[in-house]
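J.: Input file: start-v1.cif. Contents: mmCIF, C-alpha atoms and all ligand atoms.
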```cif
data_target
loop_
_atom_site.label_atom_id
_atom_site.label_comp_id
_atom_site.auth_asym_id
_atom_site.auth_seq_id
_atom_site.Cartn_x
_atom_site.Cartn_y
_atom_site.Cartn_z
CA MET A 1 180.13 135.13 110.58
CA ALA A 2 178.18 133.79 107.63
CA CYS A 3 176.71 130.46 106.61
CA ARG A 4 179.03 129.28 103.85
CA ASP A 5 178.41 125.62 104.20
CA GLY A 6 175.57 123.83 102.43
CA GLN A 7 175.66 120.87 104.83
CA THR A 8 175.05 122.99 107.92
CA LEU A 9 172.26 124.83 106.11
CA SER A 10 170.67 121.47 105.16
CA ALA A 11 170.82 120.33 108.79
CA LEU A 12 169.07 123.52 109.93
CA VAL A 13 166.43 123.16 107.20
CA GLU A 14 165.73 119.57 108.29
CA LYS A 15 165.42 120.66 111.92
CA ALA A 16 162.93 123.44 111.04
CA ARG A 17 161.01 121.17 108.64
CA LYS A 18 160.10 118.89 111.56
CA LEU A 19 157.78 121.64 112.82
CA SER A 20 155.75 121.85 109.63
CA PHE A 21 152.88 119.92 111.25
CA GLU A 22 152.30 122.97 113.51
CA GLY A 23 151.51 125.24 110.54
CA LYS A 24 148.78 125.34 107.88
CA VAL A 25 148.92 126.02 104.14
CA ALA A 26 146.91 129.11 103.09
CA ASN A 27 143.55 128.20 101.58
CA TYR A 28 141.71 131.50 101.17
CA ILE A 29 143.28 131.71 97.72
CA PRO A 30 142.09 128.26 96.56
CA ALA A 31 145.04 127.55 94.23
CA LEU A 32 147.55 127.99 97.07
CA GLN A 33 146.25 125.05 99.09
CA LYS A 34 147.83 122.50 96.77
CA GLU A 35 151.25 123.06 98.31
CA SER A 36 152.67 120.44 100.62
CA PRO A 37 153.05 121.77 104.20
CA ASP A 38 156.37 120.04 104.74
CA HIS A 39 158.19 121.62 101.85
CA LEU A 40 161.06 123.82 103.03
CA SER A 41 163.81 125.30 100.89
CA CYS A 42 166.30 128.06 101.54
CA ALA A 43 169.01 129.93 99.66
CA ILE A 44 171.50 132.49 100.90
CA ALA A 45 173.17 134.75 98.32
CA TYR A 46 176.33 136.73 99.06
CA PRO A 47 177.62 139.90 97.38
CA GLU A 48 180.71 138.06 96.11
CA GLY A 49 178.41 135.92 93.95
CA ASP A 50 178.50 132.69 95.94
CA CYS A 51 175.32 131.10 97.12
CA PHE A 52 174.36 128.29 99.48
CA SER A 53 171.10 126.43 99.44
CA ALA A 54 169.20 123.53 100.95
CA GLY A 55 165.98 121.74 100.13
CA ASP A 56 164.38 121.63 96.69
CA ILE A 57 165.56 124.97 95.36
CA ASN A 58 164.05 124.41 91.92
CA LYS A 59 160.59 124.58 93.42
CA LYS A 60 158.88 127.82 92.42
CA PHE A 61 156.32 129.65 94.52
CA THR A 62 154.33 132.84 94.11
CA LEU A 63 155.55 136.04 95.75
CA GLN A 64 152.19 137.15 97.18
CA SER A 65 152.92 139.95 99.66
CA ILE A 66 156.65 139.91 98.95
CA SER A 67 155.70 141.64 95.68
CA LYS A 68 154.60 144.65 97.77
CA ILE A 69 158.18 145.65 98.40
CA ILE A 70 158.96 145.43 94.68
CA THR A 71 156.06 147.62 93.57
CA LEU A 72 156.84 150.05 96.38
CA ALA A 73 160.40 150.41 95.08
CA LEU A 74 159.03 151.07 91.57
CA VAL A 75 156.60 153.83 92.58
CA LEU A 76 159.19 155.45 94.85
CA MET A 77 161.51 155.63 91.85
CA ASP A 78 158.81 156.92 89.51
CA TYR A 79 157.12 159.48 91.76
CA GLY A 80 159.45 160.14 94.70
CA PRO A 81 158.61 159.59 98.39
CA GLU A 82 156.48 162.70 98.83
CA ARG A 83 153.87 161.75 96.24
CA VAL A 84 153.81 158.13 97.39
CA PHE A 85 153.36 159.06 101.06
CA HIS A 86 150.56 161.40 100.13
CA ARG A 87 148.57 158.24 99.29
CA VAL A 88 149.89 155.77 101.84
CA GLY A 89 151.24 156.16 105.38
CA MET A 90 154.40 155.01 107.16
CA GLU A 91 153.04 153.47 110.35
CA PRO A 92 152.93 149.81 111.36
CA THR A 93 149.66 148.20 112.39
CA GLY A 94 148.53 145.62 114.91
CA ASP A 95 145.69 144.55 112.59
CA PRO A 96 145.82 141.66 110.10
CA PHE A 97 147.23 142.40 106.63
CA ASN A 98 143.82 142.36 104.94
CA SER A 99 141.92 144.33 107.58
CA ILE A 100 139.51 147.05 106.46
CA ILE A 101 138.89 148.55 109.91
CA LYS A 102 141.41 151.40 109.77
CA LEU A 103 140.09 152.58 106.41
CA GLU A 104 136.65 152.83 107.91
CA THR A 105 137.56 154.47 111.21
CA SER A 106 140.08 157.07 110.03
CA SER A 107 138.77 160.37 108.69
CA LYS A 108 140.20 159.60 105.24
CA ALA A 109 140.69 156.07 103.89
CA LYS A 110 144.47 156.47 103.65
CA PRO A 111 146.13 153.09 104.35
CA LEU A 112 148.56 152.95 107.26
CA ASN A 113 151.49 151.56 105.28
CA PRO A 114 152.35 149.97 101.90
CA MET A 115 152.89 146.47 103.34
CA ILE A 116 149.24 145.82 104.23
CA ASN A 117 146.84 144.96 101.42
CA ALA A 118 145.12 148.38 101.34
CA GLY A 119 148.47 150.18 101.09
CA ALA A 120 149.79 147.76 98.48
CA LEU A 121 146.66 148.21 96.36
CA ALA A 122 147.14 151.99 96.55
CA VAL A 123 150.74 151.49 95.41
CA THR A 124 149.64 149.19 92.56
CA SER A 125 147.15 151.85 91.44
CA MET A 126 150.18 154.11 90.81
CA ILE A 127 152.15 151.66 88.62
CA LYS A 128 152.92 153.16 85.20
CA GLY A 129 151.41 151.78 81.99
CA SER A 130 148.42 152.32 79.73
CA SER A 131 146.88 148.86 80.30
CA ALA A 132 146.95 146.08 82.89
CA GLU A 133 149.24 144.13 80.57
CA GLU A 134 151.74 146.98 80.29
CA LYS A 135 151.76 147.48 84.05
CA VAL A 136 152.35 143.79 84.75
CA ASP A 137 155.16 143.76 82.15
CA TYR A 138 156.69 146.81 83.80
CA ILE A 139 156.75 145.04 87.19
CA MET A 140 158.11 141.81 85.68
CA ASN A 141 160.90 143.65 83.87
CA PHE A 142 161.98 145.10 87.18
CA VAL A 143 161.95 141.61 88.75
CA LYS A 144 164.15 140.43 85.86
CA LYS A 145 166.69 143.12 86.73
CA LEU A 146 166.55 142.30 90.43
CA THR A 147 167.05 138.58 89.89
CA ASN A 148 169.26 138.81 86.81
CA GLU A 149 166.96 136.23 85.18
CA PRO A 150 165.55 136.86 81.69
CA GLU A 151 162.66 134.38 82.10
CA ILE A 152 160.35 135.52 84.85
CA ASP A 153 156.63 134.76 84.68
CA TYR A 154 153.55 134.69 86.85
CA CYS A 155 151.34 131.71 87.66
CA GLU A 156 148.13 132.18 85.70
CA GLU A 157 146.24 129.67 87.86
CA VAL A 158 147.07 131.43 91.16
CA ALA A 159 146.37 134.86 89.64
CA ILE A 160 142.93 133.80 88.38
CA SER A 161 142.17 131.96 91.62
CA GLU A 162 142.78 135.14 93.62
CA PHE A 163 141.17 137.49 91.07
CA THR A 164 137.91 135.53 91.15
CA THR A 165 137.72 135.20 94.96
CA SER A 166 139.25 138.44 96.24
CA PHE A 167 136.14 140.30 97.41
CA LEU A 168 137.82 141.81 100.45
CA ASN A 169 140.63 143.35 98.39
CA ARG A 170 138.00 144.80 96.03
CA SER A 171 136.24 146.31 99.05
CA LEU A 172 139.50 147.92 100.19
CA CYS A 173 139.85 149.47 96.72
CA PHE A 174 136.29 150.82 96.69
CA TYR A 175 136.73 152.34 100.13
CA MET A 176 139.87 154.12 99.03
CA LYS A 177 138.34 155.15 95.73
CA GLY A 178 135.34 156.61 97.56
CA ASP A 179 137.69 158.85 99.53
CA GLY A 180 139.77 159.82 96.51
CA VAL A 181 142.88 158.01 97.81
CA ILE A 182 143.06 155.93 94.65
CA HIS A 183 141.79 156.63 91.15
CA GLY A 184 141.30 154.38 88.17
CA ASN A 185 139.43 151.21 87.44
CA VAL A 186 139.19 148.81 90.38
CA GLU A 187 139.05 145.70 88.17
CA GLU A 188 142.24 146.78 86.42
CA ILE A 189 143.98 147.44 89.74
CA MET A 190 142.85 143.98 90.92
CA GLU A 191 144.14 142.37 87.73
CA VAL A 192 147.58 143.95 88.11
CA TYR A 193 147.68 143.24 91.86
CA THR A 194 146.72 139.56 91.58
CA LYS A 195 149.25 139.05 88.78
CA GLN A 196 152.07 140.78 90.69
CA CYS A 197 151.23 138.54 93.69
CA ALA A 198 151.39 135.49 91.38
CA ILE A 199 154.91 136.22 90.05
CA ARG A 200 156.84 133.05 90.71
CA LEU A 201 160.45 132.59 91.72
CA ASN A 202 162.47 129.90 93.41
CA CYS A 203 164.25 130.58 96.71
CA LEU A 204 167.57 131.27 95.01
CA GLN A 205 166.02 133.95 92.81
CA LEU A 206 164.29 135.41 95.85
CA ALA A 207 167.59 135.50 97.75
CA ARG A 208 169.04 137.54 94.87
CA VAL A 209 166.25 140.10 95.18
CA GLY A 210 166.93 140.29 98.92
CA LEU A 211 170.61 140.80 98.18
CA VAL A 212 169.94 143.84 95.96
CA PHE A 213 168.09 145.53 98.84
CA ALA A 214 170.85 144.44 101.26
CA MET A 215 173.44 146.07 98.98
CA ASP A 216 171.66 149.43 98.89
CA GLY A 217 170.04 148.87 95.50
CA ARG A 218 173.09 147.61 93.64
CA ASN A 219 172.90 144.22 91.95
CA PRO A 220 176.31 142.74 92.78
CA LEU A 221 175.99 140.18 89.97
CA THR A 222 175.76 142.83 87.25
CA ASP A 223 177.17 145.79 89.17
CA GLU A 224 174.08 147.73 88.10
CA GLN A 225 172.48 150.22 90.49
CA VAL A 226 168.94 148.89 90.05
CA MET A 227 167.39 151.46 92.38
CA PRO A 228 168.73 154.48 94.23
CA LYS A 229 170.18 153.85 97.68
CA GLU A 230 167.45 156.03 99.20
CA VAL A 231 164.70 153.82 97.72
CA ALA A 232 166.40 150.66 99.04
CA ARG A 233 166.71 152.34 102.44
CA ILE A 234 163.00 153.17 102.63
CA CYS A 235 162.04 149.65 101.51
CA LYS A 236 164.31 148.02 104.09
CA THR A 237 162.89 150.24 106.81
CA PHE A 238 159.36 149.12 105.92
CA MET A 239 160.56 145.52 105.95
CA VAL A 240 161.68 146.02 109.56
CA THR A 241 158.61 147.90 110.77
CA CYS A 242 155.84 146.19 108.74
CA GLY A 243 157.33 143.36 106.64
CA MET A 244 156.10 140.47 108.77
CA TYR A 245 152.56 141.86 109.13
CA ASN A 246 151.34 142.35 112.68
CA ALA A 247 154.15 140.15 113.99
CA SER A 248 156.90 142.54 112.84
CA GLY A 249 157.77 143.57 116.42
CA GLU A 250 158.30 140.00 117.56
CA PHE A 251 160.29 139.25 114.41
CA ALA A 252 162.56 142.27 115.05
CA ILE A 253 163.27 140.95 118.53
CA ARG A 254 163.73 137.30 117.62
CA ILE A 255 165.58 137.71 114.30
CA GLY A 256 166.24 141.40 113.70
CA ILE A 257 166.67 141.71 109.94
CA PRO A 258 164.67 143.49 107.22
CA ALA A 259 162.32 140.82 105.82
CA LYS A 260 159.09 140.45 103.86
CA SER A 261 156.77 137.48 103.87
CA GLY A 262 153.91 136.28 101.70
CA VAL A 263 150.99 133.89 102.31
CA SER A 264 152.42 131.41 99.82
CA GLY A 265 155.05 130.73 102.53
CA GLY A 266 157.87 132.79 101.04
CA ILE A 267 160.15 134.97 103.14
CA MET A 268 162.72 137.33 101.68
CA GLY A 269 165.47 138.54 104.01
CA SER A 270 167.99 141.34 103.41
CA VAL A 271 170.84 141.46 105.87
CA PRO A 272 172.36 144.91 105.25
CA GLY A 273 175.71 144.72 103.48
CA ARG A 274 175.92 140.97 104.09
CA MET A 275 173.44 138.68 102.33
CA GLY A 276 170.07 138.05 100.74
CA ILE A 277 167.92 135.17 101.98
CA GLY A 278 165.11 133.37 100.14
CA ILE A 279 162.93 130.86 101.97
CA PHE A 280 159.89 128.86 100.91
CA GLY A 281 157.92 126.97 103.55
CA PRO A 282 154.16 126.94 102.94
CA ALA A 283 153.13 125.85 106.47
CA LEU A 284 151.95 129.17 107.93
CA ASN A 285 151.32 130.38 111.46
CA GLU A 286 148.10 132.13 112.47
CA VAL A 287 149.38 135.57 111.35
CA GLY A 288 150.16 134.27 107.85
CA ASN A 289 153.96 134.00 108.09
CA SER A 290 155.83 130.80 107.21
CA HIS A 291 156.06 128.84 110.45
CA THR A 292 158.98 126.69 109.35
CA GLY A 293 160.62 129.66 107.62
CA LEU A 294 160.56 131.62 110.87
CA LYS A 295 161.99 128.67 112.76
CA LEU A 296 164.78 128.37 110.21
CA LEU A 297 165.57 132.09 110.47
CA GLU A 298 165.71 131.78 114.25
CA LEU A 299 168.21 128.93 113.92
CA LEU A 300 170.27 130.96 111.45
CA GLN A 301 170.20 134.02 113.71
CA GLU A 302 171.39 131.99 116.70
CA LYS A 303 174.22 130.43 114.74
CA TYR A 304 175.36 133.34 112.57
CA ASP A 305 174.28 136.40 114.53
CA LEU A 306 172.18 137.91 111.74
CA SER A 307 170.42 140.56 113.81
CA MET A 308 171.30 144.14 112.98
CA PHE A 309 170.39 145.30 116.48
N1 LIG B 1 147.62 138.12 97.37
C1 LIG B 1 147.49 138.09 98.79
C2 LIG B 1 146.28 138.90 99.24
O1 LIG B 1 146.07 139.97 98.81
C3 LIG B 1 148.73 138.60 99.43
C4 LIG B 1 148.62 138.63 100.94
C5 LIG B 1 149.81 138.12 101.63
O2 LIG B 1 150.71 137.51 101.10
N2 LIG B 1 149.78 138.34 102.92
O3 LIG B 1 145.53 138.46 100.08
#
```
Can you give me the file's structure in the form of structure tokens?
T.:
Amino acid sequence: MACRDGQTLSALVEKARKLSFEGKVANYIPALQKESPDHLSCAIAYPEGDCFSAGDINKKFTLQSISKIITLALVLMDYGPERVFHRVGMEPTGDPFNSIIKLETSSKAKPLNPMINAGALAVTSMIKGSSAEEKVDYIMNFVKKLTNEPEIDYCEEVAISEFTTSFLNRSLCFYMKGDGVIHGNVEEIMEVYTKQCAIRLNCLQLARVGLVFAMDGRNPLTDEQVMPKEVARICKTFMVTCGMYNASGEFAIRIGIPAKSGVSGGIMGSVPGRMGIGIFGPALNEVGNSHTGLKLLELLQEKYDLSMF
């Protein structure tokens, strides 16, 4: 069964929105704290081209950690899994997404997986291009293909806000650089990373990205194979094992779909062969996942049996 009725979706969004007071908008990136905690929007995109949405779907938000799955797909395409997994592991973690502890305590500062900040920074260090600008353009062109939108940009204010305050991410880079896990200029890696995190979409565009992964890398709107099936498969597997940070196990049990969240309050879902989901709800829980977004996904799972397990 699928949700093909905007009214029902609106009712579920309103029900989940009532819990926004239990969450908190991220403030460690100063520009993010301007968002209103009770915003909640959702879009569901289907392979046939139809789409259902609720809430203010014109509202744009920054991808933050959701961008990690996009850059991972790019480097997997450019270098192949073996070279990527030489730099970054495949194992989930019980530590927070920005933790440095595993880099310090393992014999080599190889990040556990590409969905935590250390792993994502290692992935970003591999993005092709001869300057930060070229690398950011390369990522944005890929997002244009995924969304089928010619006008994708990033939010300069959020990018600068993170770039100027992100001392912990810089530390992760220096640790990895010290152990030869990443090469290159840390400031340039930080510039590309903060800009990729600041790419902004609305929930409908995000649902379309989720749909491409759900359809094994094919964009059903253009019929273009945007990435090989194998790359989409690896990305979806990481979404299941690590996509919701150190709450990925609970998410697999409660909802059971490949998903990736970001501290802006975005969640991208990819229900294999069925649909892409884009949610924006900036009220976060203590792990950094959208509190209202999770509630909404739980309601959708109960009603439409989304779980793949
Ligand atoms: N830009 C954010 C950071 O590096 C992304 C983290 C997130 O969304 N969890 O802290």
J.: Do you have the atom CA of A:Ile29-atom CA of A:Gly210 distance handy?
T.: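 Atom-to-atom, atom CA of A:Ile29 and atom CA of A:Gly210 are spaced 25.2 Å apart.
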J.: Could I get the residues of chain A with an atom no further than 6 Å from an atom of ligand LIG 1 (chain B), each paired with its nearest atom pair and that distance in Å to one decimal, using only C-alpha atoms and all ligand atoms, sorted by chain and residue number, as CSV?
T.:
```
residue,atom,partner,partner_atom,distance
A:Gln64,CA,B:LIG1,O2,4.2
A:Ser65,CA,B:LIG1,O2,3.6
A:Asn117,CA,B:LIG1,O1,5.7
A:Cys197,CA,B:LIG1,N1,5.2
A:Gly262,CA,B:LIG1,O2,3.5
A:Val263,CA,B:LIG1,O2,3.8
```
J.: Considering all atoms listed in the file, state which residue in the set A:Val240, A:Cys3, A:Ile116, A:Ala122 is at the smallest distance from A:Gly269.
T.: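 Closest candidate: A:Val240.
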J.: Please build the interface table for stretch 133-235 of chain A against stretch 43-55 of chain A with a cut-off of 9 Å, listing for each qualifying residue the nearest atom pair and the distance in Å to one decimal; count all atoms listed in the file, order rows by chain and increasing number, and write it as JSON lines.
T.:
```
{"residue": "A:Cys203", "atom": "CA", "partner": "A:Ala43", "partner_atom": "CA", "distance": 5.6}
{"residue": "A:Leu204", "atom": "CA", "partner": "A:Ala43", "partner_atom": "CA", "distance": 5.0}
{"residue": "A:Gln205", "atom": "CA", "partner": "A:Ala43", "partner_atom": "CA", "distance": 8.5}
{"residue": "A:Leu206", "atom": "CA", "partner": "A:Ala43", "partner_atom": "CA", "distance": 8.2}
{"residue": "A:Ala207", "atom": "CA", "partner": "A:Ala45", "partner_atom": "CA", "distance": 5.7}
{"residue": "A:Arg208", "atom": "CA", "partner": "A:Ala45", "partner_atom": "CA", "distance": 6.1}
{"residue": "A:Gly210", "atom": "CA", "partner": "A:Ala45", "partner_atom": "CA", "distance": 8.4}
{"residue": "A:Leu211", "atom": "CA", "partner": "A:Ala45", "partner_atom": "CA", "distance": 6.6}
{"residue": "A:Val212", "atom": "CA", "partner": "A:Pro47", "partner_atom": "CA", "distance": 8.7}
{"residue": "A:Met215", "atom": "CA", "partner": "A:Pro47", "partner_atom": "CA", "distance": 7.6}
{"residue": "A:Asn219", "atom": "CA", "partner": "A:Pro47", "partner_atom": "CA", "distance": 8.4}
{"residue": "A:Pro220", "atom": "CA", "partner": "A:Pro47", "partner_atom": "CA", "distance": 5.6}
{"residue": "A:Leu221", "atom": "CA", "partner": "A:Gly49", "partner_atom": "CA", "distance": 6.3}
```
J.: Residues of the last selection are to be written out with C-alpha atoms, as a compact mmCIF listing (two decimals), in the frame of the given file.
T.:
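Resulting contents of again-v1.txt:
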```txt
# COMPACT_ATOMS: atom_id res chain seq x y z
CA CYS A 203 164.25 130.58 96.71
CA LEU A 204 167.57 131.27 95.01
CA GLN A 205 166.02 133.95 92.81
CA LEU A 206 164.29 135.41 95.85
CA ALA A 207 167.59 135.50 97.75
CA ARG A 208 169.04 137.54 94.87
CA GLY A 210 166.93 140.29 98.92
CA LEU A 211 170.61 140.80 98.18
CA VAL A 212 169.94 143.84 95.96
CA MET A 215 173.44 146.07 98.98
CA ASN A 219 172.90 144.22 91.95
CA PRO A 220 176.31 142.74 92.78
CA LEU A 221 175.99 140.18 89.97
```
J.: Restricting the calculation to only C-alpha atoms, which member of A:Lys236, A:Lys108, A:His291, A:Lys303 is positioned closest to A:Val25?
T.: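 Of the candidates, the smallest distance to A:Val25 is held by A:His291.
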J.: Closest to A:Ser36 among A:Phe61, A:Leu9, A:Glu14, A:Gly80, using only C-alpha atoms?
T.: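 Residue with the minimum atom-to-atom distance to A:Ser36: A:Phe61.
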J.: List as a PyMOL selection string the protein and nucleic acid residues near A:Lys177, meaning an atom at most 12 Å away when all atoms listed in the file are counted, but skip any in the same chain fewer than 3 places from it.
T.: chain A and resi 87+103+108-111+118+121-122+125+170-174+180-186+189
J.: Those selected residues, please, written with C-alpha atoms and delivered as a CSV table (one decimal), in the frame of the given file.
T.:
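Written file, again.csv:
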```csv
chain,number,residue,atom,x,y,z
A,87,ARG,CA,148.6,158.2,99.3
A,103,LEU,CA,140.1,152.6,106.4
A,108,LYS,CA,140.2,159.6,105.2
A,109,ALA,CA,140.7,156.1,103.9
A,110,LYS,CA,144.5,156.5,103.6
A,111,PRO,CA,146.1,153.1,104.4
A,118,ALA,CA,145.1,148.4,101.3
A,121,LEU,CA,146.7,148.2,96.4
A,122,ALA,CA,147.1,152.0,96.6
A,125,SER,CA,147.2,151.8,91.4
A,170,ARG,CA,138.0,144.8,96.0
A,171,SER,CA,136.2,146.3,99.0
A,172,LEU,CA,139.5,147.9,100.2
A,173,CYS,CA,139.8,149.5,96.7
A,174,PHE,CA,136.3,150.8,96.7
A,180,GLY,CA,139.8,159.8,96.5
A,181,VAL,CA,142.9,158.0,97.8
A,182,ILE,CA,143.1,155.9,94.6
A,183,HIS,CA,141.8,156.6,91.2
A,184,GLY,CA,141.3,154.4,88.2
A,185,ASN,CA,139.4,151.2,87.4
A,186,VAL,CA,139.2,148.8,90.4
A,189,ILE,CA,144.0,147.4,89.7
```
J.: Go through A:Ile257, A:Leu40, A:Ala26, A:Leu63 one by one, measure the shortest atom-to-atom distance of each to A:Glu286 using all atoms listed in the file, and give the residue with the smallest value.
T.: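 For A:Glu286, the nearest of the given residues is A:Ala26.
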J.: Pick from A:Tyr245, A:Ala11, A:Arg274, A:Tyr193: nearest to A:Ser99, with all atoms listed in the file counted?
T.: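 Checking each of A:Tyr245, A:Ala11, A:Arg274, A:Tyr193 against A:Ser99, counting all atoms listed in the file, the winner is A:Tyr245.
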J.: Separation of atom CA of A:Glu104 and atom CA of A:Tyr175, in Å?
T.: 7.8 Å
